Amino acid sequence: MDICKDIYLKKSKDYGSAWRILRIPSLTDQIFIKAQRIRSTQEKKKMRVNEKIDNEFIGIINYCIMAIIQIEYDNDEIEIPYEKLERLYDTHSNEIMNLLSDKNHDYDEAWKEMRVSSMTDIILMKLYRTKQIEDNQGKTLISEGIKANYQDIVNYSVFCLIKLLLIKK
């Protein structure tokens, strides 16, 4: 998460909070693009754009946190001061990591036995669920909402990054 935050903060210095112009479904689609590239690369076993899959998972994590900020920070201002962006990132990142720790405990670290490709599929499934909830104007009958899906996507992305880093060692 420190790597993700570092990239987020550097891009915030470069671009400010221009992403605030995006509506939630646009952020969901941006996350989808990254997840779809990961899956496509896994299936084709080759890539023509020389950008590591690790970076795509980092992008997924950061876009999910941006989307959660969009949901929770109900304010029309596009430009958010850098210090406030950092605080908002930390708040939501810490909340997600606490959830990850709790779920990791309850599921007895099942992710360690999972394949990165399976977790990629789960991320895509959660994105399709999120799109359906968005199409239903955020209303659900029994399911968790959009924020919970983003949080789960971050958790699976973190697990994938850990597994990918372990493979490289």
# chains A, B, ... in the order shown; residues from 1 in each chain; ligands from 1
$ residues_around --residues "Asp152 of chain A" --least-positions-apart "5" --cutoff "12 Å" --atoms "only C-alpha atoms" --output "JSON, numbers by chain"
{"A": [60, 61, 64, 65, 68, 95, 96, 97, 98, 99, 100, 101, 103, 104, 119, 120, 122, 123, 124, 125, 126, 127, 129, 130, 144, 145, 146, 147, 157, 158, 159]}
$ closest_residue --among "A:Arg37, A:Lys84, A:Lys46, A:Lys52" --to "Gly16 of chain A" --atoms "only C-alpha atoms"
A:Lys84
$ residues_around --residues "Ile33 of chain A" --least-positions-apart "4" --cutoff "12 Å" --atoms "only C-alpha atoms" --output "ChimeraX atom specification"
/A:26-29,37-40,56-57,59-60,63,123-124,127-128
$ closest_residue --among "A:Gln137, A:Ser118, A:Ser143, A:Ser93" --to "Asn155 of chain A" --atoms "only C-alpha atoms"
A:Ser93
$ closest_residue --among "A:Asp135, A:Leu88, A:Asn62, A:Glu77" --to "Ile31 of chain A" --atoms "only C-alpha atoms"
A:Asn62
$ select_by_dssp --residues "segment 8-122 of chain A" --states "alpha helix (DSSP H)" --output "PyMOL selection string"
chain A and resi 8-15+24-44+53-72+82-106+116-122
